[in-house]
file final.pdb (PDB, C-alpha atoms, pLDDT in the B column)
ATOM      1  CA  MET D  34     107.493 145.464 118.297  1.00 52.00           C
ATOM      2  CA  SER D  35     106.335 142.230 119.730  1.00 53.00           C
ATOM      3  CA  MET D  36     105.514 139.271 117.626  1.00 57.00           C
ATOM      4  CA  SER D  37     102.723 137.168 118.834  1.00 56.00           C
ATOM      5  CA  SER D  38     101.418 134.159 117.108  1.00 60.00           C
ATOM      6  CA  SER D  39      98.209 132.524 117.928  1.00 64.00           C
ATOM      7  CA  ILE D  40      97.518 128.955 117.048  1.00 68.00           C
ATOM      8  CA  THR D  41      93.967 127.854 117.016  1.00 66.00           C
ATOM      9  CA  PHE D  42      92.885 124.276 116.996  1.00 60.00           C
ATOM     10  CA  GLN D  43      89.622 123.324 115.477  1.00 63.00           C
ATOM     11  CA  ARG D  44      87.664 120.335 116.569  1.00 59.00           C
ATOM     12  CA  PRO D  45      86.690 118.007 113.797  1.00 57.00           C
ATOM     13  CA  LYS D  46      83.093 118.390 112.884  1.00 60.00           C
ATOM     14  CA  SER D  47      80.883 115.499 113.824  1.00 61.00           C
ATOM     15  CA  ASN D  48      80.268 114.733 110.132  1.00 70.00           C
ATOM     16  CA  GLN D  49      84.012 114.344 109.534  1.00 69.00           C
ATOM     17  CA  LEU D  50      84.409 112.189 112.618  1.00 65.00           C
ATOM     18  CA  SER D  51      81.491 109.909 111.752  1.00 79.00           C
ATOM     19  CA  ALA D  52      82.711 109.585 108.134  1.00 77.00           C
ATOM     20  CA  SER D  53      86.171 108.618 109.381  1.00 80.00           C
ATOM     21  CA  LEU D  54      84.714 106.117 111.836  1.00 81.00           C
ATOM     22  CA  THR D  55      82.468 104.653 109.140  1.00 85.00           C
ATOM     23  CA  THR D  56      85.419 104.271 106.771  1.00 86.00           C
ATOM     24  CA  THR D  57      87.465 102.558 109.468  1.00 87.00           C
ATOM     25  CA  LEU D  58      84.636 100.175 110.348  1.00 87.00           C
ATOM     26  CA  LEU D  59      84.042  99.307 106.688  1.00 88.00           C
ATOM     27  CA  HIS D  60      87.748  98.597 106.243  1.00 87.00           C
ATOM     28  CA  LEU D  61      87.744  96.361 109.315  1.00 86.00           C
ATOM     29  CA  ALA D  62      84.633  94.520 108.105  1.00 85.00           C
ATOM     30  CA  SER D  63      86.286  94.004 104.722  1.00 84.00           C
ATOM     31  CA  LEU D  64      89.336  92.465 106.402  1.00 81.00           C
ATOM     32  CA  LEU D  65      87.143  90.188 108.517  1.00 84.00           C
ATOM     33  CA  VAL D  66      85.425  88.895 105.387  1.00 84.00           C
ATOM     34  CA  LYS D  67      88.539  88.628 103.215  1.00 85.00           C
ATOM     35  CA  GLY D  68      90.673  86.949 105.878  1.00 82.00           C
ATOM     36  CA  PRO D  69      88.881  83.592 105.991  1.00 84.00           C
ATOM     37  CA  ILE D  70      88.533  83.560 102.196  1.00 82.00           C
ATOM     38  CA  LEU D  71      92.274  84.108 101.734  1.00 78.00           C
ATOM     39  CA  LEU D  72      93.058  81.424 104.309  1.00 80.00           C
ATOM     40  CA  TRP D  73      90.769  78.955 102.526  1.00 81.00           C
ATOM     41  CA  GLN D  74      92.390  79.732  99.145  1.00 77.00           C
ATOM     42  CA  PHE D  75      95.856  79.316 100.656  1.00 75.00           C
ATOM     43  CA  TRP D  76      94.911  75.963 102.230  1.00 79.00           C
ATOM     44  CA  ARG D  77      93.363  74.692  98.971  1.00 79.00           C
ATOM     45  CA  MET D  78      96.412  75.721  96.930  1.00 77.00           C
ATOM     46  CA  ARG D  79      98.793  74.077  99.413  1.00 77.00           C
ATOM     47  CA  SER D  80      96.829  70.815  99.395  1.00 79.00           C
ATOM     48  CA  GLU D  81      96.891  70.742  95.586  1.00 79.00           C
ATOM     49  CA  LEU D  82     100.642  71.407  95.579  1.00 82.00           C
ATOM     50  CA  SER D  83     101.267  68.728  98.188  1.00 82.00           C
ATOM     51  CA  ALA D  84      99.466  66.194  95.978  1.00 85.00           C
ATOM     52  CA  LEU D  85     101.764  67.161  93.103  1.00 85.00           C
ATOM     53  CA  ALA D  86     104.836  67.052  95.352  1.00 84.00           C
ATOM     54  CA  ARG D  87     104.028  63.444  96.341  1.00 89.00           C
ATOM     55  CA  MET D  88     104.129  62.329  92.689  1.00 90.00           C
ATOM     56  CA  ASP D  89     107.253  60.772  91.242  1.00 92.00           C
ATOM     57  CA  SER D  90     108.910  62.085  88.086  1.00 90.00           C
ATOM     58  CA  ARG D  91     107.068  59.619  85.826  1.00 93.00           C
ATOM     59  CA  GLU D  92     103.665  60.643  87.165  1.00 93.00           C
ATOM     60  CA  LEU D  93     104.561  64.299  86.766  1.00 91.00           C
ATOM     61  CA  ALA D  94     105.759  63.672  83.200  1.00 90.00           C
ATOM     62  CA  ASP D  95     102.344  62.153  82.413  1.00 90.00           C
ATOM     63  CA  ILE D  96     100.724  65.512  83.147  1.00 89.00           C
ATOM     64  CA  GLY D  97     103.509  67.513  81.483  1.00 89.00           C
ATOM     65  CA  LEU D  98     105.491  68.614  84.535  1.00 91.00           C
ATOM     66  CA  MET D  99     108.942  68.013  85.982  1.00 91.00           C
ATOM     67  CA  THR D 100     110.037  67.943  89.613  1.00 89.00           C
ATOM     68  CA  THR D 101     111.820  71.269  89.136  1.00 90.00           C
ATOM     69  CA  ASP D 102     108.494  72.846  88.145  1.00 89.00           C
ATOM     70  CA  ILE D 103     107.127  72.136  91.626  1.00 86.00           C
ATOM     71  CA  ALA D 104     110.168  73.752  93.251  1.00 84.00           C
ATOM     72  CA  ASN D 105     109.860  76.760  90.933  1.00 84.00           C
ATOM     73  CA  ALA D 106     106.176  77.122  91.779  1.00 82.00           C
ATOM     74  CA  LEU D 107     106.927  77.076  95.488  1.00 78.00           C
ATOM     75  CA  SER D 108     109.611  79.730  95.118  1.00 79.00           C
ATOM     76  CA  ASN D 109     107.373  81.944  92.996  1.00 73.00           C
ATOM     77  CA  ILE D 110     105.531  84.732  94.760  1.00 70.00           C
ATOM     78  CA  GLY D 111     101.968  84.700  93.607  1.00 69.00           C
ATOM     79  CA  PRO D 112      98.495  83.768  94.656  1.00 66.00           C
ATOM     80  CA  ASP D 113      97.806  80.679  92.531  1.00 75.00           C
ATOM     81  CA  LYS D 114     100.773  78.434  91.929  1.00 80.00           C
ATOM     82  CA  THR D 115      98.650  75.631  90.464  1.00 80.00           C
ATOM     83  CA  GLU D 116      97.538  77.945  87.673  1.00 83.00           C
ATOM     84  CA  MET D 117     101.196  78.668  86.914  1.00 85.00           C
ATOM     85  CA  LEU D 118     101.926  74.922  86.754  1.00 88.00           C
ATOM     86  CA  ALA D 119      98.975  74.379  84.428  1.00 88.00           C
ATOM     87  CA  ARG D 120     100.379  77.072  82.138  1.00 89.00           C
ATOM     88  CA  VAL D 121     103.825  75.391  82.155  1.00 89.00           C
ATOM     89  CA  ALA D 122     102.301  72.008  81.257  1.00 90.00           C
ATOM     90  CA  HIS D 123     100.189  73.578  78.516  1.00 91.00           C
ATOM     91  CA  ASP D 124     103.192  75.372  77.019  1.00 91.00           C
ATOM     92  CA  ARG D 125     105.241  72.156  76.981  1.00 89.00           C
ATOM     93  CA  ARG D 126     102.411  70.255  75.304  1.00 86.00           C
ATOM     94  CA  TYR D 127     102.004  73.001  72.725  1.00 83.00           C
ATOM     95  CA  ARG D 128     105.761  73.021  71.925  1.00 83.00           C
ATOM     96  CA  GLN D 129     105.793  69.224  71.522  1.00 77.00           C
ATOM     97  CA  GLU D 130     102.921  69.355  69.038  1.00 73.00           C
ATOM     98  CA  GLU D 131     104.779  71.781  66.766  1.00 68.00           C
TER      99      GLU D 131
END
call {"tool": "encode", "arguments": {"input": "final.pdb", "output": "structure tokens"}}
result
Amino acid sequence: MSMSSSITFQRPKSNQLSASLTTTLLHLASLLVKGPILLWQFWRMRSELSALARMDSRELADIGLMTTDIANALSNIGPDKTEMLARVAHDRRYRQEE
């Protein structure tokens, strides 16, 4: 008894190939559009944080922040650190009013 195995390879149909190519091109186009937007958001956030980092502790206290809040924001992983700082200032203001 001899065992023979035959392996057959099928070529992808042109519809499958064109769908795969279309998906890849759409993904690439999405990255090309999102890339500059993400860079602009990152630059804007960094410039806002640098303005806060230049303030002294009295100026920060006027808007409800402390110098440690800036360091915490920079160490936090997240897209919008200024929104996090706004939340911190709001929470402090709310606690003081109680």
call {"tool": "resolve_selection", "arguments": {"input": "final.pdb", "expression": "the PyMOL selection byres ((chain D and resi 100) around 12)", "output": "short mmCIF file (atom, residue, chain, number, x, y, z; two decimals) with C-alpha atoms, in the frame of the given file"}}
result
data_model
loop_
_atom_site.label_atom_id
_atom_site.label_comp_id
_atom_site.auth_asym_id
_atom_site.auth_seq_id
_atom_site.Cartn_x
_atom_site.Cartn_y
_atom_site.Cartn_z
CA LEU D 82 100.64 71.41 95.58
CA LEU D 85 101.76 67.16 93.10
CA ALA D 86 104.84 67.05 95.35
CA ARG D 87 104.03 63.44 96.34
CA MET D 88 104.13 62.33 92.69
CA ASP D 89 107.25 60.77 91.24
CA SER D 90 108.91 62.08 88.09
CA ARG D 91 107.07 59.62 85.83
CA GLU D 92 103.66 60.64 87.16
CA LEU D 93 104.56 64.30 86.77
CA ALA D 94 105.76 63.67 83.20
CA ILE D 96 100.72 65.51 83.15
CA GLY D 97 103.51 67.51 81.48
CA LEU D 98 105.49 68.61 84.54
CA MET D 99 108.94 68.01 85.98
CA THR D 101 111.82 71.27 89.14
CA ASP D 102 108.49 72.85 88.14
CA ILE D 103 107.13 72.14 91.63
CA ALA D 104 110.17 73.75 93.25
CA ASN D 105 109.86 76.76 90.93
CA ALA D 106 106.18 77.12 91.78
CA LEU D 107 106.93 77.08 95.49
CA LEU D 118 101.93 74.92 86.75
#
call {"tool": "axis_aligned_box", "arguments": {"input": "final.pdb", "around": "stretch 69-88 of chain D", "padding_each_side": "8 Å", "output": "JSON"}}
result
{"center_x": 96.7, "center_y": 73.2, "center_z": 99.3, "size_x": 32.3, "size_y": 37.8, "size_z": 29.3}
call {"tool": "closest_residue", "arguments": {"input": "final.pdb", "among": "D:Gly68, D:Arg126, D:Arg120, D:Trp76", "to": "D:Asp95", "atoms": "all atoms listed in the file"}}
result
D:Arg126
call {"tool": "atom_distance", "arguments": {"input": "final.pdb", "atom1": "atom CA of D:Leu59", "atom2": "atom CA of D:Leu71"}}
result
18.0 Å
call {"tool": "resolve_selection", "arguments": {"input": "final.pdb", "expression": "the PyMOL selection byres ((chain D and resi 115) around 8)", "output": "ChimeraX atom specification"}}
result
/D:78,81-82,106,113-114,116-119
call {"tool": "write_last_selection", "arguments": {"input": "final.pdb", "atoms": "C-alpha atoms", "output": "PDB file, keeping the file's coordinate frame"}}
result
ATOM      1  CA  MET D  78      96.412  75.721  96.930  1.00 77.00           C
ATOM      2  CA  GLU D  81      96.891  70.742  95.586  1.00 79.00           C
ATOM      3  CA  LEU D  82     100.642  71.407  95.579  1.00 82.00           C
ATOM      4  CA  ALA D 106     106.176  77.122  91.779  1.00 82.00           C
ATOM      5  CA  ASP D 113      97.806  80.679  92.531  1.00 75.00           C
ATOM      6  CA  LYS D 114     100.773  78.434  91.929  1.00 80.00           C
ATOM      7  CA  GLU D 116      97.538  77.945  87.673  1.00 83.00           C
ATOM      8  CA  MET D 117     101.196  78.668  86.914  1.00 85.00           C
ATOM      9  CA  LEU D 118     101.926  74.922  86.754  1.00 88.00           C
ATOM     10  CA  ALA D 119      98.975  74.379  84.428  1.00 88.00           C
TER      11      ALA D 119
END
call {"tool": "atom_distance", "arguments": {"input": "final.pdb", "atom1": "atom CA of D:Gln74", "atom2": "atom CA of D:Ala122"}}
result
21.9 Å
call {"tool": "decode", "arguments": {"input": "final.pdb", "residues": "stretch 53-112 of chain D", "atoms": "C-alpha atoms", "output": "CSV table (one decimal), in the first residue's frame"}}
result
chain,number,residue,atom,x,y,z
D,53,SER,CA,-7.7,42.8,-0.5
D,54,LEU,CA,-5.9,45.5,-2.5
D,55,THR,CA,-8.8,47.9,-2.0
D,56,THR,CA,-8.8,47.3,1.7
D,57,THR,CA,-5.1,47.9,1.9
D,58,LEU,CA,-5.3,51.1,-0.1
D,59,LEU,CA,-8.1,52.4,2.1
D,60,HIS,CA,-6.2,51.6,5.2
D,61,LEU,CA,-3.1,53.5,3.8
D,62,ALA,CA,-5.3,56.4,2.8
D,63,SER,CA,-6.8,56.5,6.3
D,64,LEU,CA,-3.3,56.6,7.8
D,65,LEU,CA,-2.2,59.4,5.5
D,66,VAL,CA,-5.2,61.5,6.5
D,67,LYS,CA,-5.0,60.7,10.3
D,68,GLY,CA,-1.3,61.2,10.5
D,69,PRO,CA,-1.2,65.0,10.0
D,70,ILE,CA,-4.3,65.5,12.2
D,71,LEU,CA,-2.7,63.5,15.1
D,72,LEU,CA,0.6,65.5,14.7
D,73,TRP,CA,-1.3,68.8,14.8
D,74,GLN,CA,-3.3,67.7,17.9
D,75,PHE,CA,0.0,66.6,19.6
D,76,TRP,CA,1.7,70.0,18.7
D,77,ARG,CA,-1.3,72.0,20.0
D,78,MET,CA,-1.5,70.0,23.3
D,79,ARG,CA,2.3,70.4,23.8
D,80,SER,CA,2.2,74.2,23.2
D,81,GLU,CA,-0.7,74.5,25.7
D,82,LEU,CA,1.2,72.4,28.3
D,83,SER,CA,4.4,74.4,27.8
D,84,ALA,CA,2.4,77.6,28.5
D,85,LEU,CA,1.2,76.1,31.8
D,86,ALA,CA,4.7,74.8,32.6
D,87,ARG,CA,6.1,78.4,32.3
D,88,MET,CA,3.7,79.6,35.0
D,89,ASP,CA,4.9,80.0,38.6
D,90,SER,CA,3.0,78.4,41.4
D,91,ARG,CA,1.0,81.5,42.2
D,92,GLU,CA,-0.3,81.8,38.6
D,93,LEU,CA,-1.2,78.1,38.6
D,94,ALA,CA,-3.0,78.5,41.9
D,95,ASP,CA,-5.1,81.3,40.3
D,96,ILE,CA,-6.5,78.8,37.8
D,97,GLY,CA,-6.8,76.0,40.4
D,98,LEU,CA,-3.7,74.0,39.6
D,99,MET,CA,-0.4,73.1,41.3
D,100,THR,CA,3.0,72.4,39.8
D,101,THR,CA,2.6,68.7,40.6
D,102,ASP,CA,-0.5,68.6,38.4
D,103,ILE,CA,1.6,69.5,35.3
D,104,ALA,CA,4.1,66.8,36.1
D,105,ASN,CA,1.2,64.3,36.6
D,106,ALA,CA,-0.3,65.3,33.3
D,107,LEU,CA,3.0,64.8,31.5
D,108,SER,CA,3.4,61.3,33.0
D,109,ASN,CA,-0.2,60.3,32.2
D,110,ILE,CA,-0.7,58.4,29.0
D,111,GLY,CA,-3.6,59.9,27.1
D,112,PRO,CA,-4.5,62.0,24.2
